[in-house]
$ cat target-v6.tsv   # TSV, C-alpha atoms
chain	number	residue	atom	x	y	z
A	4	MET	CA	101.87	136.79	101.74
A	5	ALA	CA	99.09	137.41	99.24
A	6	LYS	CA	95.47	136.59	99.84
A	7	PRO	CA	94.96	133.28	98.02
A	8	GLU	CA	92.79	133.23	94.94
A	9	ARG	CA	91.25	130.02	96.21
A	10	HIS	CA	91.78	128.15	99.48
A	11	VAL	CA	91.42	124.36	99.62
A	12	PHE	CA	90.50	122.74	102.93
A	13	VAL	CA	90.87	118.97	103.28
A	14	CYS	CA	89.05	117.37	106.22
A	15	MET	CA	91.37	115.16	108.25
A	16	GLN	CA	88.93	114.33	111.04
A	17	SER	CA	89.78	110.98	112.61
A	18	ARG	CA	87.53	108.64	114.62
A	19	PRO	CA	88.11	105.26	116.23
A	20	SER	CA	87.79	102.25	113.94
A	21	GLY	CA	84.18	101.06	113.90
A	22	HIS	CA	82.71	104.43	114.91
A	23	PRO	CA	79.25	104.66	113.29
A	24	LYS	CA	79.90	108.05	111.71
A	25	GLY	CA	83.16	107.01	110.11
A	26	SER	CA	85.60	109.78	109.30
A	27	CYS	CA	87.48	111.38	106.43
A	28	ALA	CA	90.82	110.18	107.82
A	29	GLY	CA	89.37	106.67	108.00
A	30	LYS	CA	88.65	106.94	104.29
A	31	GLY	CA	92.08	108.09	103.17
A	32	SER	CA	92.14	111.85	103.70
A	33	VAL	CA	95.61	111.89	105.26
A	34	ASP	CA	97.09	110.45	102.06
A	35	LEU	CA	94.77	112.71	100.05
A	36	PHE	CA	96.09	115.82	101.81
A	37	ARG	CA	99.67	114.73	101.21
A	38	ALA	CA	98.90	114.16	97.53
A	39	PHE	CA	97.36	117.65	97.33
A	40	GLN	CA	100.54	119.05	98.92
A	41	ASN	CA	102.66	117.22	96.34
A	42	ALA	CA	100.48	118.54	93.51
A	43	PHE	CA	100.74	122.11	94.86
A	44	GLU	CA	104.50	121.68	95.02
A	45	ALA	CA	104.84	120.16	91.55
A	46	ARG	CA	102.68	122.83	89.89
A	47	LYS	CA	104.06	125.70	92.00
A	48	LEU	CA	100.59	126.69	93.22
A	49	TRP	CA	101.68	127.98	96.64
A	50	GLY	CA	101.06	131.67	97.06
A	51	ARG	CA	98.43	131.98	94.37
A	52	PHE	CA	96.40	129.26	96.13
A	53	ALA	CA	96.36	127.91	99.69
A	54	LEU	CA	95.87	124.40	101.07
A	55	THR	CA	95.04	123.63	104.70
A	56	ASN	CA	93.99	120.51	106.58
A	57	CYS	CA	90.96	120.93	108.81
A	58	GLY	CA	88.67	119.30	111.31
A	59	CYS	CA	85.17	117.95	110.76
A	60	LEU	CA	83.12	119.73	108.09
A	61	GLY	CA	79.91	117.90	108.90
A	62	PRO	CA	78.90	115.35	106.29
A	63	CYS	CA	81.16	112.50	107.41
A	64	GLU	CA	79.18	109.93	105.40
A	65	THR	CA	80.41	111.38	102.11
A	66	GLY	CA	84.04	111.89	103.04
A	67	PRO	CA	86.77	112.50	102.22
A	68	ASN	CA	85.39	116.03	102.00
A	69	VAL	CA	87.23	118.92	100.36
A	70	LEU	CA	85.92	122.49	100.64
A	71	VAL	CA	87.07	125.31	98.38
A	72	TYR	CA	86.67	128.98	99.35
A	73	PRO	CA	85.76	131.71	98.58
A	74	ASP	CA	83.44	129.77	96.25
A	75	GLY	CA	82.08	127.65	99.09
A	76	ILE	CA	82.13	124.52	96.95
A	77	LEU	CA	82.17	121.19	98.78
A	78	TYR	CA	83.45	118.07	97.07
A	79	ALA	CA	82.50	114.61	98.38
A	80	ASN	CA	84.17	111.21	98.22
A	81	VAL	CA	87.32	112.83	96.88
A	82	GLY	CA	90.15	110.51	95.87
A	83	GLU	CA	93.71	111.17	94.82
A	84	ASN	CA	92.63	110.68	91.21
A	85	ASP	CA	90.37	113.73	91.50
A	86	ILE	CA	93.12	116.18	92.48
A	87	GLU	CA	94.20	116.90	88.91
A	88	VAL	CA	90.74	117.89	87.75
A	89	ILE	CA	90.07	120.00	90.86
A	90	ILE	CA	93.30	121.91	90.24
A	91	THR	CA	92.94	122.25	86.48
A	92	GLU	CA	89.24	122.97	86.18
A	93	HIS	CA	88.38	124.67	89.47
A	94	LEU	CA	91.46	126.33	90.95
A	95	LEU	CA	93.02	127.40	87.68
A	96	ALA	CA	90.01	127.79	85.36
A	97	GLY	CA	87.33	128.72	87.89
A	98	GLN	CA	84.94	125.93	86.83
A	99	PRO	CA	83.86	123.78	89.78
A	100	VAL	CA	83.82	120.03	89.16
A	101	ARG	CA	80.13	119.16	89.30
A	102	ARG	CA	80.59	115.40	89.21
A	103	LEU	CA	82.22	115.60	92.66
A	104	TYR	CA	79.31	117.47	94.24
A	105	PRO	CA	77.45	115.85	97.14
A	106	SER	CA	73.63	115.94	97.03
A	107	GLU	CA	71.95	119.33	97.50
A	108	GLU	CA	70.69	118.18	100.91
A	109	ILE	CA	74.24	117.63	102.13
A	110	TRP	CA	75.70	120.86	100.79
A	111	PRO	CA	73.92	123.10	98.28
A	112	ASN	CA	76.87	124.08	96.10
A	113	ASP	CA	74.67	125.96	93.64
A	114	SER	CA	72.89	128.19	96.12
B	17	MET	CA	72.66	121.15	105.76
B	18	ALA	CA	72.67	124.68	104.40
B	19	LYS	CA	75.71	126.37	102.98
B	20	PRO	CA	76.97	128.58	105.82
B	21	GLU	CA	76.68	132.32	105.44
B	22	ARG	CA	80.17	132.63	106.91
B	23	HIS	CA	82.66	129.94	107.89
B	24	VAL	CA	85.13	130.55	110.72
B	25	PHE	CA	88.41	128.62	110.71
B	26	VAL	CA	90.53	128.64	113.87
B	27	CYS	CA	94.15	127.53	113.46
B	28	MET	CA	95.07	124.84	115.98
B	29	GLN	CA	98.55	124.11	114.67
B	30	SER	CA	100.82	122.82	117.43
B	31	ARG	CA	104.60	122.81	117.61
B	32	PRO	CA	107.07	121.62	120.25
B	33	SER	CA	107.77	124.06	123.07
B	34	GLY	CA	110.69	126.32	122.10
B	35	HIS	CA	110.20	125.89	118.36
B	36	PRO	CA	111.32	129.16	116.70
B	37	LYS	CA	108.11	129.61	114.70
B	38	GLY	CA	105.84	129.18	117.72
B	39	SER	CA	102.29	128.05	116.98
B	40	CYS	CA	98.68	129.08	117.40
B	41	ALA	CA	98.05	126.19	119.82
B	42	GLY	CA	101.05	127.34	121.84
B	43	LYS	CA	99.35	130.73	122.13
B	44	GLY	CA	95.99	129.48	123.34
B	45	SER	CA	94.06	128.54	120.20
B	46	VAL	CA	92.74	125.27	121.65
B	47	ASP	CA	90.91	127.19	124.39
B	48	LEU	CA	89.98	129.85	121.82
B	49	PHE	CA	88.34	127.25	119.59
B	50	ARG	CA	86.41	125.81	122.54
B	51	ALA	CA	85.24	129.31	123.49
B	52	PHE	CA	84.10	129.89	119.89
B	53	GLN	CA	82.17	126.59	120.07
B	54	ASN	CA	80.52	127.69	123.31
B	55	ALA	CA	79.60	131.04	121.78
B	56	PHE	CA	78.11	129.33	118.71
B	57	GLU	CA	76.11	127.08	121.03
B	58	ALA	CA	74.91	129.91	123.28
B	59	ARG	CA	73.85	132.11	120.37
B	60	LYS	CA	72.46	129.23	118.27
B	61	LEU	CA	74.68	130.11	115.34
B	62	TRP	CA	75.11	126.54	114.04
B	63	GLY	CA	73.59	126.07	110.62
B	64	ARG	CA	73.62	129.71	109.60
B	65	PHE	CA	77.38	129.83	110.29
B	66	ALA	CA	80.08	127.16	110.48
B	67	LEU	CA	83.13	126.80	112.71
B	68	THR	CA	86.04	124.48	112.00
B	69	ASN	CA	89.47	123.98	113.50
B	70	CYS	CA	92.29	123.86	110.98
B	71	GLY	CA	96.00	123.38	110.44
B	72	CYS	CA	98.64	126.03	109.80
B	73	LEU	CA	97.47	129.12	107.92
B	74	GLY	CA	100.95	130.56	107.46
B	75	PRO	CA	101.63	133.60	109.63
B	76	CYS	CA	102.45	131.76	112.88
B	77	GLU	CA	104.07	134.85	114.37
B	78	THR	CA	100.71	136.63	114.67
B	79	GLY	CA	98.67	133.69	115.97
B	80	PRO	CA	96.19	132.72	117.17
B	81	ASN	CA	94.91	133.20	113.64
B	82	VAL	CA	91.24	133.09	112.68
B	83	LEU	CA	90.16	133.12	109.04
B	84	VAL	CA	86.61	133.90	107.93
B	85	TYR	CA	85.27	132.86	104.51
B	86	PRO	CA	83.84	133.63	102.03
B	87	ASP	CA	85.14	137.12	102.90
B	88	GLY	CA	88.72	135.88	103.17
B	89	ILE	CA	89.34	138.01	106.25
B	90	LEU	CA	92.22	136.97	108.52
B	91	TYR	CA	92.31	138.03	112.16
B	92	ALA	CA	95.58	137.99	114.11
B	93	ASN	CA	96.41	137.62	117.80
B	94	VAL	CA	92.81	136.66	118.50
B	95	GLY	CA	91.87	136.16	122.14
B	96	GLU	CA	88.73	134.88	123.80
B	97	ASN	CA	87.72	138.49	124.49
B	98	ASP	CA	87.53	139.12	120.74
B	99	ILE	CA	84.94	136.43	120.00
B	100	GLU	CA	81.94	138.58	120.87
B	101	VAL	CA	82.89	141.39	118.50
B	102	ILE	CA	83.76	138.98	115.67
B	103	ILE	CA	80.34	137.36	116.01
B	104	THR	CA	78.35	140.54	116.48
B	105	GLU	CA	80.07	142.81	113.99
B	106	HIS	CA	81.38	140.44	111.34
B	107	LEU	CA	79.31	137.25	111.30
B	108	LEU	CA	75.97	138.84	112.08
B	109	ALA	CA	76.38	142.38	110.71
B	110	GLY	CA	78.85	141.78	107.89
B	111	GLN	CA	81.36	144.38	109.11
B	112	PRO	CA	84.84	142.90	109.56
B	113	VAL	CA	86.71	143.94	112.70
B	114	ARG	CA	89.56	146.04	111.38
B	115	ARG	CA	91.37	146.39	114.70
B	116	LEU	CA	92.10	142.63	114.56
B	117	TYR	CA	93.68	142.76	111.10
B	118	PRO	CA	97.32	141.73	110.70
B	119	SER	CA	99.55	143.98	108.61
B	120	GLU	CA	98.91	144.11	104.88
B	121	GLU	CA	102.18	142.25	104.26
B	122	ILE	CA	100.95	139.30	106.30
B	123	TRP	CA	97.47	139.09	104.82
B	124	PRO	CA	95.94	141.85	102.66
B	125	ASN	CA	92.37	141.78	103.98
B	126	ASP	CA	91.33	144.76	101.91
B	127	SER	CA	92.49	143.50	98.54
$ encode --input "target-v6.tsv" --output "structure tokens"
Amino acid sequence: MAKPERHVFVCMQSRPSGHPKGSCAGKGSVDLFRAFQNAFEARKLWGRFALTNCGCLGPCETGPNVLVYPDGILYANVGENDIEVIITEHLLAGQPVRRLYPSEEIWPNDS
Amino acid sequence: MAKPERHVFVCMQSRPSGHPKGSCAGKGSVDLFRAFQNAFEARKLWGRFALTNCGCLGPCETGPNVLVYPDGILYANVGENDIEVIITEHLLAGQPVRRLYPSEEIWPNDS
């Protein structure tokens, strides 16, 4: 196994329906993770990059949340339509996708 | 929320009893994660550092696995007795704990 160039974590935290905090799973992150897996498979990204589901990252209100290390870049409100640009621009070209950033108060991507 | 200085991921992957790959949860990672949470609470590490449970990281045979970013350092066979040294030496002092490294073939921490 090589150390991955970048490691994508997709929050899959689940909460009961109607919970005031909501959750990433409640906003589609289970399907999002599966779509990321399919994209990794289709583009043969395994090995060079890693993809792991995870528990709560904190800012539930802006989920689904996706965190990319070692950059420490958090993406908010991520949908399946955003996977292509995250892979192409960030994972492969090293340019984080600024339009998917949460506010600086939630996660200061640029600091 | 600040961006964490270091982010600790504890694999909590579970597999049925007797599964040939085994799993981190089968080797105590649920209790390990809870002990990490207690240590974060006791030492008031929240905010400066982050702690998240996660799905399979790959090398199930050496679990429980703990991965620390942005360093990209993987620790293998982690037990509750190792939490103190990971916090003191790695999180707080920036010196990864080499005695907890898996083999280079499993995860090349030094590359």
$ residues_around --input "target-v6.tsv" --residues "Cys76 (chain B)" --least-positions-apart "5" --cutoff "7 Å" --atoms "all atoms listed in the file" --output "PyMOL selection string"
chain B and resi 37-40
$ closest_atom_pairs --input "target-v6.tsv" --of "chain A" --to "chain B" --cutoff "8 Å" --atoms "all atoms listed in the file" --output "JSON lines"
{"residue": "A:Met4", "atom": "CA", "partner": "B:Ile122", "partner_atom": "CA", "distance": 5.3}
{"residue": "A:Ala5", "atom": "CA", "partner": "B:Trp123", "partner_atom": "CA", "distance": 6.0}
{"residue": "A:Lys6", "atom": "CA", "partner": "B:Trp123", "partner_atom": "CA", "distance": 5.9}
{"residue": "A:Thr55", "atom": "CA", "partner": "B:Gly71", "partner_atom": "CA", "distance": 5.8}
{"residue": "A:Asn56", "atom": "CA", "partner": "B:Gly71", "partner_atom": "CA", "distance": 5.2}
{"residue": "A:Cys57", "atom": "CA", "partner": "B:Cys70", "partner_atom": "CA", "distance": 3.9}
{"residue": "A:Gly58", "atom": "CA", "partner": "B:Asn69", "partner_atom": "CA", "distance": 5.2}
{"residue": "A:Cys59", "atom": "CA", "partner": "B:Thr68", "partner_atom": "CA", "distance": 6.7}
{"residue": "A:Leu60", "atom": "CA", "partner": "B:Thr68", "partner_atom": "CA", "distance": 6.8}
{"residue": "A:Tyr72", "atom": "CA", "partner": "B:Pro86", "partner_atom": "CA", "distance": 6.1}
{"residue": "A:Pro73", "atom": "CA", "partner": "B:Pro86", "partner_atom": "CA", "distance": 4.4}
{"residue": "A:Asp74", "atom": "CA", "partner": "B:Pro86", "partner_atom": "CA", "distance": 7.0}
{"residue": "A:Gly75", "atom": "CA", "partner": "B:Pro86", "partner_atom": "CA", "distance": 6.9}
{"residue": "A:Glu108", "atom": "CA", "partner": "B:Met17", "partner_atom": "CA", "distance": 6.0}
{"residue": "A:Ile109", "atom": "CA", "partner": "B:Met17", "partner_atom": "CA", "distance": 5.3}
{"residue": "A:Trp110", "atom": "CA", "partner": "B:Met17", "partner_atom": "CA", "distance": 5.8}
{"residue": "A:Pro111", "atom": "CA", "partner": "B:Lys19", "partner_atom": "CA", "distance": 6.0}
{"residue": "A:Asn112", "atom": "CA", "partner": "B:Lys19", "partner_atom": "CA", "distance": 7.3}
{"residue": "A:Ser114", "atom": "CA", "partner": "B:Lys19", "partner_atom": "CA", "distance": 7.6}
$ residues_around --input "target-v6.tsv" --residues "Ala92 (chain B)" --least-positions-apart "4" --cutoff "7 Å" --atoms "only C-alpha atoms" --output "compact mmCIF listing (two decimals) with C-alpha atoms, keeping the file's coordinate frame"
# COMPACT_ATOMS: atom_id res chain seq x y z
CA THR B 78 100.71 136.63 114.67
CA GLY B 79 98.67 133.69 115.97
CA PRO B 80 96.19 132.72 117.17
CA ASN B 81 94.91 133.20 113.64
CA VAL B 82 91.24 133.09 112.68
CA LEU B 116 92.10 142.63 114.56
CA TYR B 117 93.68 142.76 111.10
CA PRO B 118 97.32 141.73 110.70
$ atom_distance --input "target-v6.tsv" --atom1 "CA of Lys60 (chain B)" --atom2 "CA of Glu100 (chain B)"
13.6 Å
$ atom_distance --input "target-v6.tsv" --atom1 "CA of Pro112 (chain B)" --atom2 "CA of Arg59 (chain B)"
18.8 Å
$ atom_distance --input "target-v6.tsv" --atom1 "CA of Pro19 (chain A)" --atom2 "CA of Glu83 (chain A)"
22.9 Å
$ axis_aligned_box --input "target-v6.tsv" --around "region 17-30 of chain A" --padding-each-side "4 Å" --output "lines of an AutoDock Vina configuration file"
center_x = 85.0
center_y = 106.2
center_z = 110.3
size_x = 19.6
size_y = 18.3
size_z = 19.9
$ residues_near_point --input "target-v6.tsv" --point "(79.6, 132.2, 118.6)" --cutoff "12 Å" --atoms "only C-alpha atoms" --output "ChimeraX atom specification"
/B:22-24,48-67,96-108
